[in-house]
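Coordinates from protein.cif are shown below (mmCIF, C-alpha atoms).
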data_protein
loop_
_atom_site.label_atom_id
_atom_site.label_comp_id
_atom_site.auth_asym_id
_atom_site.auth_seq_id
_atom_site.Cartn_x
_atom_site.Cartn_y
_atom_site.Cartn_z
CA MET A 1 -5.08 -15.79 -51.91
CA ASN A 2 -2.88 -15.93 -54.98
CA LEU A 3 -0.76 -13.53 -57.00
CA ILE A 4 -1.87 -13.56 -60.65
CA CYS A 5 -0.71 -11.88 -63.87
CA GLN A 6 -2.57 -11.99 -67.16
CA SER A 7 -0.65 -10.54 -70.08
CA VAL A 8 -0.55 -9.91 -73.80
CA ASP A 9 2.61 -8.34 -75.18
CA PHE A 10 4.70 -8.17 -78.36
CA ARG A 11 6.52 -11.37 -77.40
CA ASN A 12 3.43 -13.57 -77.52
CA CYS A 13 1.62 -11.72 -80.31
CA PRO A 14 2.47 -9.35 -83.18
CA ALA A 15 3.36 -5.83 -82.01
CA ASP A 16 0.55 -4.28 -84.06
CA THR A 17 -1.90 -6.63 -82.32
CA ALA A 18 -0.65 -5.68 -78.86
CA GLY A 19 -1.02 -2.07 -79.94
CA GLN A 20 -4.78 -2.63 -80.42
CA LEU A 21 -5.17 -3.54 -76.74
CA VAL A 22 -4.80 -0.04 -75.36
CA PHE A 23 -7.30 1.40 -72.89
CA ASP A 24 -7.70 5.04 -71.97
CA ILE A 25 -7.36 6.26 -68.39
CA GLN A 26 -11.10 6.40 -67.81
CA ARG A 27 -11.58 2.76 -68.78
CA GLN A 28 -8.67 1.71 -66.57
CA ARG A 29 -10.13 3.72 -63.70
CA THR A 30 -13.53 2.03 -64.15
CA PHE A 31 -11.87 -1.39 -64.08
CA LEU A 32 -9.79 -0.74 -60.96
CA HIS A 33 -12.79 0.73 -59.15
CA SER A 34 -14.76 -2.42 -59.98
CA CYS A 35 -11.89 -4.54 -58.58
CA ARG A 36 -11.96 -2.51 -55.39
CA ASP A 37 -15.64 -3.39 -54.93
CA ILE A 38 -15.11 -7.16 -55.24
CA PRO A 39 -14.32 -8.80 -51.85
CA GLU A 40 -12.32 -11.62 -53.48
CA ILE A 41 -9.82 -9.13 -54.96
CA SER A 42 -7.42 -7.54 -52.51
CA ASP A 43 -5.08 -5.77 -54.96
CA ALA A 44 -5.22 -4.90 -58.65
CA LEU A 45 -3.00 -3.02 -61.11
CA ILE A 46 -3.02 -2.46 -64.87
CA LEU A 47 0.16 -1.95 -66.91
CA ASN A 48 -0.89 -0.76 -70.37
CA THR A 49 1.63 0.49 -72.93
CA CYS A 50 1.73 0.45 -76.74
CA ASN A 51 3.41 -2.99 -76.55
CA ARG A 52 1.66 -4.69 -73.65
CA LEU A 53 -1.52 -5.02 -71.63
CA GLU A 54 -1.04 -6.68 -68.24
CA PHE A 55 -3.35 -7.19 -65.28
CA TYR A 56 -1.91 -8.01 -61.86
CA PHE A 57 -4.09 -9.27 -59.00
CA TYR A 58 -3.86 -10.57 -55.49
CA ALA A 59 -7.12 -12.50 -55.29
CA ALA A 60 -8.89 -15.44 -53.70
CA ARG A 61 -7.94 -18.73 -55.35
CA GLN A 62 -11.58 -19.66 -56.01
CA PHE A 63 -12.30 -16.38 -57.84
CA ASP A 64 -12.40 -16.77 -61.64
CA ILE A 65 -9.96 -14.01 -62.67
CA SER A 66 -9.92 -15.14 -66.33
CA ALA A 67 -13.67 -14.71 -66.75
CA PHE A 68 -13.52 -11.37 -64.94
CA VAL A 69 -10.77 -10.00 -67.22
CA ASP A 70 -12.27 -11.49 -70.38
CA ASP A 71 -15.53 -9.72 -69.66
CA PHE A 72 -13.71 -6.40 -69.31
CA VAL A 73 -11.43 -6.68 -72.35
CA SER A 74 -14.08 -8.15 -74.68
CA HIS A 75 -11.58 -8.59 -77.50
CA ASN A 76 -10.91 -11.80 -79.46
CA LEU A 77 -7.21 -10.96 -79.66
CA TRP A 78 -7.00 -11.05 -75.87
CA ASN A 79 -8.30 -14.60 -75.64
CA GLN A 80 -6.10 -15.69 -78.53
CA TYR A 81 -2.81 -14.43 -77.11
CA LYS A 82 -3.14 -14.01 -73.34
CA GLN A 83 -0.85 -15.84 -70.94
CA THR A 84 -1.51 -16.35 -67.23
CA LEU A 85 1.15 -16.56 -64.53
CA TYR A 86 0.69 -17.39 -60.86
CA GLY A 87 2.57 -16.83 -57.62
CA LEU A 88 6.31 -16.31 -57.88
CA ASP A 89 6.14 -16.74 -61.67
CA ALA A 90 3.93 -13.63 -61.78
CA ALA A 91 6.27 -11.74 -59.45
CA GLY A 92 9.31 -12.82 -61.47
CA HIS A 93 7.63 -11.66 -64.66
CA LEU A 94 6.98 -8.23 -63.13
CA PHE A 95 10.61 -7.99 -62.00
CA ASN A 96 11.77 -8.82 -65.53
CA VAL A 97 9.42 -6.24 -67.01
CA ALA A 98 10.57 -3.52 -64.60
CA SER A 99 14.21 -4.28 -65.40
CA GLY A 100 13.67 -3.96 -69.15
CA LEU A 101 14.34 -7.63 -69.92
CA GLU A 102 10.89 -8.09 -71.48
CA SER A 103 11.09 -4.96 -73.65
CA GLN A 104 11.59 -4.81 -77.40
CA ILE A 105 14.69 -2.73 -76.69
CA VAL A 106 16.42 -4.70 -73.94
CA GLY A 107 17.23 -2.55 -70.92
CA GLU A 108 15.18 0.46 -72.01
CA ASN A 109 14.24 2.85 -69.20
CA GLU A 110 10.78 3.93 -70.32
CA ILE A 111 9.02 0.83 -68.98
CA PHE A 112 10.30 1.62 -65.46
CA SER A 113 8.61 5.04 -65.59
CA GLN A 114 5.46 3.48 -67.04
CA LEU A 115 5.31 0.94 -64.22
CA LYS A 116 5.74 3.65 -61.59
CA SER A 117 2.92 5.61 -63.23
CA ALA A 118 0.71 2.50 -63.23
CA TYR A 119 1.37 2.03 -59.51
CA SER A 120 0.59 5.68 -58.74
CA PHE A 121 -2.62 5.40 -60.74
CA ALA A 122 -3.68 2.25 -58.88
CA LEU A 123 -2.98 4.04 -55.59
CA ARG A 124 -5.29 6.87 -56.62
CA CYS A 125 -7.92 4.28 -57.54
CA ASP A 126 -7.49 2.68 -54.09
CA SER A 127 -6.86 -0.77 -55.59
CA VAL A 128 -3.50 -1.35 -53.86
CA GLN A 129 -3.08 -2.86 -50.40
CA THR A 130 -0.14 -4.31 -48.44
CA MET A 131 0.69 -7.05 -50.95
CA PHE A 132 1.12 -4.76 -53.94
CA HIS A 133 2.89 -2.08 -51.94
CA ARG A 134 5.53 -4.68 -51.23
CA LEU A 135 5.47 -6.24 -54.71
CA LEU A 136 5.78 -2.95 -56.61
CA HIS A 137 8.44 -1.46 -54.36
CA SER A 138 10.36 -4.72 -54.71
CA SER A 139 10.14 -4.41 -58.49
CA PHE A 140 11.46 -0.84 -58.31
CA ARG A 141 14.41 -1.97 -56.20
CA VAL A 142 15.14 -4.78 -58.66
CA ALA A 143 15.04 -2.42 -61.64
CA LYS A 144 17.39 0.05 -59.96
CA ALA A 145 19.80 -2.71 -58.96
CA VAL A 146 19.88 -4.13 -62.49
CA ARG A 147 20.60 -0.69 -63.97
CA THR A 148 23.22 0.05 -61.29
CA TYR A 149 25.16 -3.21 -61.31
CA THR A 150 24.95 -4.15 -65.01
CA ASP A 151 25.42 -2.35 -68.32
CA ILE A 152 22.01 -3.52 -69.58
CA ASN A 153 20.95 0.04 -70.51
CA ILE A 154 24.31 1.35 -71.77
CA GLY A 155 24.57 2.40 -75.40
CA ALA A 156 21.95 3.82 -77.74
CA LEU A 157 19.53 1.43 -79.44
CA SER A 158 17.42 3.97 -81.34
CA ILE A 159 18.52 5.71 -84.53
CA ALA A 160 17.97 9.17 -83.06
CA GLN A 161 19.84 8.50 -79.83
CA ALA A 162 22.66 6.71 -81.66
CA SER A 163 23.11 9.73 -83.92
CA VAL A 164 23.43 12.11 -80.96
CA GLU A 165 25.79 9.75 -79.12
CA LEU A 166 27.91 9.49 -82.28
CA ALA A 167 28.17 13.27 -82.47
CA ALA A 168 29.06 13.47 -78.79
CA ASP A 169 31.86 10.95 -79.33
CA ASN A 170 33.38 13.24 -81.97
CA CYS A 171 33.23 16.61 -80.19
CA SER A 172 32.12 18.58 -77.11
CA ILE A 173 28.53 18.58 -78.30
CA ASP A 174 27.16 20.99 -75.70
CA LYS A 175 29.36 23.75 -77.11
CA MET A 176 28.42 23.16 -80.74
CA LYS A 177 26.04 24.97 -83.08
CA ILE A 178 23.66 22.33 -84.39
CA LEU A 179 21.30 22.14 -87.36
CA VAL A 180 18.47 19.59 -87.48
CA ILE A 181 16.87 19.14 -90.91
CA GLY A 182 13.31 17.83 -90.70
CA SER A 183 10.33 18.09 -88.36
CA GLY A 184 9.06 14.51 -88.10
CA SER A 185 9.38 11.97 -85.28
CA ASN A 186 13.10 11.31 -85.75
CA ALA A 187 13.86 15.05 -85.83
CA GLU A 188 11.84 15.48 -82.64
CA LEU A 189 13.75 12.68 -80.91
CA ILE A 190 17.06 14.16 -82.03
CA VAL A 191 16.11 17.51 -80.47
CA LYS A 192 15.03 15.72 -77.29
CA HIS A 193 18.38 13.91 -76.99
CA LEU A 194 20.33 17.08 -77.80
CA ILE A 195 18.58 18.90 -74.96
CA ARG A 196 19.54 16.04 -72.62
CA LYS A 197 23.14 16.69 -73.68
CA ASN A 198 22.73 20.35 -72.63
CA VAL A 199 22.85 21.62 -76.20
CA ALA A 200 21.25 25.06 -76.42
CA ASP A 201 22.16 26.35 -79.89
CA ILE A 202 19.80 24.38 -82.14
CA THR A 203 18.42 25.43 -85.52
CA VAL A 204 15.62 23.45 -87.16
CA ALA A 205 15.20 23.63 -90.93
CA ALA A 206 11.98 22.19 -92.34
CA ARG A 207 9.29 22.62 -94.96
CA ASN A 208 6.55 22.51 -92.33
CA LYS A 209 6.87 25.80 -90.47
CA ASP A 210 4.38 24.94 -87.72
CA ALA A 211 6.01 21.57 -86.94
CA GLY A 212 9.50 23.10 -87.06
CA GLU A 213 8.56 25.90 -84.68
CA ARG A 214 6.99 23.41 -82.26
CA LEU A 215 10.34 21.64 -82.07
CA ILE A 216 12.11 24.92 -81.39
CA GLU A 217 9.75 25.64 -78.50
CA LYS A 218 11.38 22.71 -76.70
CA THR A 219 14.78 24.43 -76.74
CA SER A 220 16.05 27.40 -74.74
CA ALA A 221 17.93 29.13 -77.55
CA GLY A 222 16.82 27.71 -80.88
CA LYS A 223 15.47 29.07 -84.12
CA PHE A 224 13.55 27.91 -87.17
CA VAL A 225 14.57 28.45 -90.80
CA GLN A 226 12.97 27.48 -94.08
CA LEU A 227 14.71 24.87 -96.22
CA ASN A 228 15.58 27.51 -98.83
CA GLU A 229 17.89 29.07 -96.23
CA LEU A 230 19.82 25.83 -95.83
CA LYS A 231 22.96 26.91 -97.67
CA SER A 232 23.60 29.92 -95.43
CA CYS A 233 22.90 27.86 -92.29
CA LEU A 234 25.42 25.18 -93.25
CA SER A 235 28.25 27.69 -93.26
CA ASN A 236 27.65 28.59 -89.59
CA VAL A 237 27.03 25.27 -87.83
CA ASP A 238 29.26 22.52 -86.46
CA ILE A 239 26.96 19.50 -86.69
CA VAL A 240 24.06 18.64 -89.02
CA PHE A 241 21.47 15.95 -88.37
CA THR A 242 19.29 15.18 -91.39
CA ALA A 243 15.97 13.43 -90.91
CA ALA A 244 13.76 14.79 -93.69
CA ALA A 245 11.65 12.94 -96.23
CA SER A 246 13.01 14.15 -99.55
CA GLY A 247 13.16 12.76 -103.06
CA ARG A 248 16.55 14.38 -103.64
CA PRO A 249 19.66 15.11 -101.52
CA LEU A 250 19.39 18.31 -99.49
CA ILE A 251 23.09 18.48 -98.62
CA THR A 252 25.24 18.44 -101.74
CA ALA A 253 28.68 19.60 -102.78
CA GLU A 254 26.96 22.73 -104.12
CA THR A 255 25.36 23.61 -100.78
CA LEU A 256 28.65 23.34 -98.89
CA ASP A 257 31.60 25.71 -98.86
CA LYS A 258 34.42 24.07 -100.88
CA LYS A 259 37.06 25.95 -98.87
CA ARG A 260 35.56 25.25 -95.50
CA VAL A 261 38.00 25.68 -92.60
CA LYS A 262 35.62 24.94 -89.74
CA PRO A 263 35.00 21.17 -89.32
CA LEU A 264 31.48 19.95 -90.06
CA ILE A 265 29.92 16.65 -88.96
CA VAL A 266 26.97 15.48 -91.05
CA ILE A 267 24.87 12.62 -89.64
CA ASP A 268 22.28 11.41 -92.12
CA LEU A 269 19.39 9.37 -90.69
CA SER A 270 17.32 9.43 -93.85
CA VAL A 271 16.44 6.76 -96.40
CA PRO A 272 16.93 7.69 -99.19
CA PRO A 273 19.89 9.79 -97.98
CA ASN A 274 19.57 13.55 -97.47
CA ALA A 275 23.32 13.98 -98.02
CA GLU A 276 25.05 12.93 -101.22
CA PRO A 277 28.11 10.68 -100.64
CA LYS A 278 30.60 12.91 -102.47
CA VAL A 279 30.39 15.62 -99.80
CA VAL A 280 33.14 13.68 -97.99
CA GLU A 281 35.50 14.84 -100.74
CA ILE A 282 35.30 18.36 -99.30
CA ASP A 283 37.93 19.23 -96.71
CA ASN A 284 36.86 19.14 -93.04
CA ILE A 285 33.60 17.27 -93.70
CA LYS A 286 32.76 14.05 -91.84
CA LEU A 287 29.72 12.14 -93.09
CA PHE A 288 27.95 9.35 -91.20
CA ASN A 289 24.98 7.56 -92.75
CA ILE A 290 22.27 5.13 -91.67
CA ASP A 291 24.64 2.16 -92.10
CA SER A 292 27.05 3.71 -89.60
CA LEU A 293 24.21 4.16 -87.10
CA ASN A 294 22.83 0.64 -87.59
CA GLU A 295 26.31 -0.78 -86.93
CA ILE A 296 26.48 1.17 -83.65
CA ILE A 297 23.03 -0.07 -82.65
CA SER A 298 23.92 -3.69 -83.46
CA ASN A 299 27.10 -3.49 -81.39
CA ASN A 300 25.26 -1.91 -78.46
CA ASN A 301 22.52 -4.55 -78.65
CA ARG A 302 25.10 -7.34 -78.53
CA LYS A 303 26.70 -5.74 -75.47
CA ARG A 304 23.31 -5.52 -73.73
CA GLN A 305 22.54 -9.15 -74.51
CA THR A 306 25.71 -10.24 -72.71
CA GLU A 307 24.44 -8.44 -69.56
CA ILE A 308 21.20 -10.44 -69.38
CA PRO A 309 22.64 -13.30 -67.25
CA LYS A 310 23.92 -10.75 -64.69
CA ALA A 311 20.51 -9.07 -64.63
CA LYS A 312 18.72 -12.39 -64.16
CA ALA A 313 20.98 -13.27 -61.23
CA ILE A 314 20.01 -9.99 -59.53
CA ILE A 315 16.32 -10.63 -60.25
CA ASP A 316 16.54 -14.17 -58.81
CA GLU A 317 18.10 -12.82 -55.62
CA HIS A 318 15.30 -10.28 -55.14
CA LEU A 319 12.67 -12.87 -56.03
CA GLN A 320 13.97 -15.15 -53.27
CA SER A 321 13.76 -12.24 -50.84
CA PHE A 322 10.17 -11.54 -51.90
CA SER A 323 9.35 -15.24 -51.56
CA ARG A 324 10.64 -15.25 -47.97
CA TRP A 325 8.55 -12.18 -47.16
CA LEU A 326 5.51 -13.86 -48.74
CA GLU A 327 5.95 -16.98 -46.62
CA ASP A 328 6.45 -14.93 -43.45
CA SER A 329 3.31 -12.95 -44.23
CA LYS A 330 1.27 -16.13 -44.60
CA VAL A 331 2.55 -17.37 -41.27
CA ALA A 332 1.75 -14.04 -39.60
CA ALA A 333 -1.77 -14.09 -41.06
CA ARG A 334 -2.62 -17.48 -39.53
#
As structure tokens:
Amino acid sequence: MNLICQSVDFRNCPADTAGQLVFDIQRQRTFLHSCRDIPEISDALILNTCNRLEFYFYAARQFDISAFVDDFVSHNLWNQYKQTLYGLDAAGHLFNVASGLESQIVGENEIFSQLKSAYSFALRCDSVQTMFHRLLHSSFRVAKAVRTYTDINIGALSIAQASVELAADNCSIDKMKILVIGSGSNAELIVKHLIRKNVADITVAARNKDAGERLIEKTSAGKFVQLNELKSCLSNVDIVFTAAASGRPLITAETLDKKRVKPLIVIDLSVPPNAEPKVVEIDNIKLFNIDSLNEIISNNNRKRQTEIPKAKAIIDEHLQSFSRWLEDSKVAAR
């Protein structure tokens, strides 16, 4: 028997190509059920995200896994970009994936949740036996150890999260009245990160009423306003996040109170900018733009990169432990 991983991800092919290799739950279920019915395959698991498609097997050495997977995927891109790993190389790859070292954003947490979901799904499909119980739980322990004993996931690496962290560094954000301008993906992520910071008082201003109200439904004490009400909203809030597609600035010297006493933080995520630069000439206004956020992200990314050797040392230690268990299991099976 041998541990095998076949993989296509953004590292060995363009991200948009990896994104084409996405299978719905029903197709994954069909595949895992077919694995369960093949005597040469003991364990099987699929990890499929927008950036990767990976198959893990514990199978008889004489079984042609490549032909089996090729027949299922039936996609030229798969054959062009796939890589195959065996034994401890496959286990080490899984440990790296679980720890976020193989992600586009180094140290990101989402892949850990996705791997746990893939394991749960394989359990429901009855394609996991003793080997993968041990392998997957080992990968979870590795991921937790890496996140506990290194700073690999410290510091925001997305524009939306960086903007919220920046605001939190400048005030007690959970006590602030906050305005989010826009209703697209960045605005949605901002609202998501604000909620994680226990912010309750959130107003969303947008042209699209339906999309704006859907964002507000995610909050416990939010409200929606039309963009033409922007001027009156700006006089009552403490922080503004702008993430709207607009051909002209939405926050100008004219929309702000020239004699403002209450401090206002404006964080502009938009390109072109939603806030005109000269608003900083008004007393008690702080303006941060996309350049400020990109600088934060670059600094955080550099810090995470310096943690990779520590993470790899932890992974190596757990891989050695798994290797010992694997050898002991082979002895016990004789």
As a compact mmCIF listing (two decimals) with C-alpha atoms, in the coordinates of the input, please: the residues near Val128 (chain A) (cut-off 12 Å, all atoms listed in the file, same-chain neighbours under 5 positions excluded).
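Heads up, here's the output in selection-v5.txt:
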# COMPACT_ATOMS: atom_id res chain seq x y z
CA LEU A 32 -9.79 -0.74 -60.96
CA HIS A 33 -12.79 0.73 -59.15
CA CYS A 35 -11.89 -4.54 -58.58
CA ARG A 36 -11.96 -2.51 -55.39
CA ILE A 41 -9.82 -9.13 -54.96
CA SER A 42 -7.42 -7.54 -52.51
CA ASP A 43 -5.08 -5.77 -54.96
CA ALA A 44 -5.22 -4.90 -58.65
CA LEU A 45 -3.00 -3.02 -61.11
CA ILE A 46 -3.02 -2.46 -64.87
CA TYR A 56 -1.91 -8.01 -61.86
CA PHE A 57 -4.09 -9.27 -59.00
CA TYR A 58 -3.86 -10.57 -55.49
CA ALA A 59 -7.12 -12.50 -55.29
CA ALA A 118 0.71 2.50 -63.23
CA TYR A 119 1.37 2.03 -59.51
CA SER A 120 0.59 5.68 -58.74
CA PHE A 121 -2.62 5.40 -60.74
CA ALA A 122 -3.68 2.25 -58.88
CA LEU A 123 -2.98 4.04 -55.59
CA HIS A 133 2.89 -2.08 -51.94
CA ARG A 134 5.53 -4.68 -51.23
CA LEU A 135 5.47 -6.24 -54.71
CA LEU A 136 5.78 -2.95 -56.61
CA HIS A 137 8.44 -1.46 -54.36
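What separates CA of Ala67 (chain A) from CA of Val97 (chain A) is a distance of 24.6 Å.
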Carefully work through the PyMOL selection byres ((chain A and resi 18-29) around 7) for this structure and note down the residues it includes, as a PyMOL selection string.
chain A and resi 8-10+13-17+30-33+48-53+125
Please evaluate the PyMOL selection byres ((chain A and resi 193) around 12) against the displayed coordinates and give the resulting residues as a ChimeraX atom specification.
/A:156,158-168,173-174,180,186-192,194-200,202,218-219,241
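Take CA of Thr242 (chain A) and CA of Leu179 (chain A): the distance between them is 8.3 Å.
Reported to one decimal place, the separation of CA of Ala205 (chain A) from CA of Ile181 (chain A) is 4.8 Å.
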Need to verify the contact set: region 243-249 of chain A, 8 Å, all atoms listed in the file, exclusion of same-chain residues closer than 2 positions in sequence. Can you return it as a PyMOL selection string?
chain A and resi 180-184+186-187+206+241+251-252+268-276
Apply the PyMOL selection byres ((chain A and resi 297) around 10) to the displayed file and report the matching residues as a PyMOL selection string.
chain A and resi 155-159+161-163+291-296+298-303
The residue from A:Ser172, A:Asn96, A:Asn208, A:Ser66 with the smallest atom-to-atom distance to His318 (chain A), counting all atoms listed in the file, is A:Asn96
Name all residues at most 8 Å from region 226-228 of chain A (count all atoms listed in the file; drop same-chain ones fewer than 2 positions away) and give them as a short mmCIF file (atom, residue, chain, number, x, y, z; two decimals) with C-alpha atoms, keeping the file's coordinate frame.
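For reference, out_21.cif as written:
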data_model
loop_
_atom_site.label_atom_id
_atom_site.label_comp_id
_atom_site.auth_asym_id
_atom_site.auth_seq_id
_atom_site.Cartn_x
_atom_site.Cartn_y
_atom_site.Cartn_z
CA ALA A 205 15.20 23.63 -90.93
CA ALA A 206 11.98 22.19 -92.34
CA ARG A 207 9.29 22.62 -94.96
CA LYS A 209 6.87 25.80 -90.47
CA PHE A 224 13.55 27.91 -87.17
CA LEU A 230 19.82 25.83 -95.83
CA LYS A 231 22.96 26.91 -97.67
#
Please return the centre and edge lengths, in Å to one decimal, of a box with edges along x, y and z that contains all listed atoms of region 206-219 of chain A, widened by 8 Å on every side, as lines of an AutoDock Vina configuration file.
center_x = 9.6
center_y = 23.7
center_z = -85.8
size_x = 26.4
size_y = 20.3
size_z = 34.3
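With all atoms listed in the file as the atoms that count, the residue of A:Lys82, A:Lys175, A:Lys116, A:Arg124 with the shortest distance to Asn12 (chain A) is A:Lys82.
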Distance query Lys312 (chain A) at most 9 Å, all atoms listed in the file, self and fewer than 4 positions along chain excluded, as a ChimeraX atom specification
/A:96,101,146,307-308,316-317
As a PDB file, in the frame of the given file, the rebuilt region 261-280 of chain A with N, CA and C atoms:
ATOM      1  N   VAL A 261      36.935  25.840 -93.577  1.00  0.00           N
ATOM      2  CA  VAL A 261      38.000  25.680 -92.600  1.00  0.00           C
ATOM      3  C   VAL A 261      37.449  25.045 -91.325  1.00  0.00           C
ATOM      4  N   LYS A 262      36.262  25.450 -90.953  1.00  0.00           N
ATOM      5  CA  LYS A 262      35.620  24.940 -89.740  1.00  0.00           C
ATOM      6  C   LYS A 262      35.112  23.516 -89.983  1.00  0.00           C
ATOM      7  N   PRO A 263      35.467  22.539 -89.120  1.00  0.00           N
ATOM      8  CA  PRO A 263      35.000  21.170 -89.320  1.00  0.00           C
ATOM      9  C   PRO A 263      33.476  21.076 -89.259  1.00  0.00           C
ATOM     10  N   LEU A 264      32.920  20.173 -90.050  1.00  0.00           N
ATOM     11  CA  LEU A 264      31.480  19.950 -90.060  1.00  0.00           C
ATOM     12  C   LEU A 264      31.207  18.447 -90.012  1.00  0.00           C
ATOM     13  N   ILE A 265      30.369  18.051 -89.062  1.00  0.00           N
ATOM     14  CA  ILE A 265      29.920  16.650 -88.960  1.00  0.00           C
ATOM     15  C   ILE A 265      28.503  16.578 -89.505  1.00  0.00           C
ATOM     16  N   VAL A 266      28.296  15.690 -90.476  1.00  0.00           N
ATOM     17  CA  VAL A 266      26.970  15.480 -91.050  1.00  0.00           C
ATOM     18  C   VAL A 266      26.532  14.055 -90.707  1.00  0.00           C
ATOM     19  N   ILE A 267      25.396  13.932 -90.011  1.00  0.00           N
ATOM     20  CA  ILE A 267      24.870  12.620 -89.640  1.00  0.00           C
ATOM     21  C   ILE A 267      23.509  12.466 -90.301  1.00  0.00           C
ATOM     22  N   ASP A 268      23.451  11.553 -91.264  1.00  0.00           N
ATOM     23  CA  ASP A 268      22.280  11.410 -92.120  1.00  0.00           C
ATOM     24  C   ASP A 268      21.457  10.184 -91.700  1.00  0.00           C
ATOM     25  N   LEU A 269      20.258  10.445 -91.148  1.00  0.00           N
ATOM     26  CA  LEU A 269      19.390   9.370 -90.690  1.00  0.00           C
ATOM     27  C   LEU A 269      18.387   8.936 -91.749  1.00  0.00           C
ATOM     28  N   SER A 270      18.402   9.576 -92.889  1.00  0.00           N
ATOM     29  CA  SER A 270      17.320   9.430 -93.850  1.00  0.00           C
ATOM     30  C   SER A 270      17.546   8.328 -94.881  1.00  0.00           C
ATOM     31  N   VAL A 271      16.440   7.727 -95.301  1.00  0.00           N
ATOM     32  CA  VAL A 271      16.440   6.760 -96.400  1.00  0.00           C
ATOM     33  C   VAL A 271      15.294   7.148 -97.339  1.00  0.00           C
ATOM     34  N   PRO A 272      15.595   7.529 -98.599  1.00  0.00           N
ATOM     35  CA  PRO A 272      16.930   7.690 -99.190  1.00  0.00           C
ATOM     36  C   PRO A 272      17.709   8.811 -98.511  1.00  0.00           C
ATOM     37  N   PRO A 273      19.039   8.835 -98.700  1.00  0.00           N
ATOM     38  CA  PRO A 273      19.890   9.790 -97.980  1.00  0.00           C
ATOM     39  C   PRO A 273      19.538  11.243 -98.300  1.00  0.00           C
ATOM     40  N   ASN A 274      19.690  12.103 -97.285  1.00  0.00           N
ATOM     41  CA  ASN A 274      19.570  13.550 -97.470  1.00  0.00           C
ATOM     42  C   ASN A 274      20.891  14.174 -97.897  1.00  0.00           C
ATOM     43  N   ALA A 275      21.995  13.448 -97.673  1.00  0.00           N
ATOM     44  CA  ALA A 275      23.320  13.980 -98.020  1.00  0.00           C
ATOM     45  C   ALA A 275      23.948  13.098 -99.094  1.00  0.00           C
ATOM     46  N   GLU A 276      24.431  13.724-100.163  1.00  0.00           N
ATOM     47  CA  GLU A 276      25.050  12.930-101.220  1.00  0.00           C
ATOM     48  C   GLU A 276      26.445  12.477-100.773  1.00  0.00           C
ATOM     49  N   PRO A 277      26.851  11.260-101.130  1.00  0.00           N
ATOM     50  CA  PRO A 277      28.110  10.680-100.640  1.00  0.00           C
ATOM     51  C   PRO A 277      29.349  11.517-100.952  1.00  0.00           C
ATOM     52  N   LYS A 278      29.363  12.219-102.068  1.00  0.00           N
ATOM     53  CA  LYS A 278      30.600  12.910-102.470  1.00  0.00           C
ATOM     54  C   LYS A 278      30.921  14.144-101.628  1.00  0.00           C
ATOM     55  N   VAL A 279      30.056  14.478-100.659  1.00  0.00           N
ATOM     56  CA  VAL A 279      30.390  15.620 -99.800  1.00  0.00           C
ATOM     57  C   VAL A 279      31.628  15.323 -98.955  1.00  0.00           C
ATOM     58  N   VAL A 280      31.949  14.030 -98.778  1.00  0.00           N
ATOM     59  CA  VAL A 280      33.140  13.680 -97.990  1.00  0.00           C
ATOM     60  C   VAL A 280      34.422  14.082 -98.705  1.00  0.00           C
TER      61      VAL A 280
END
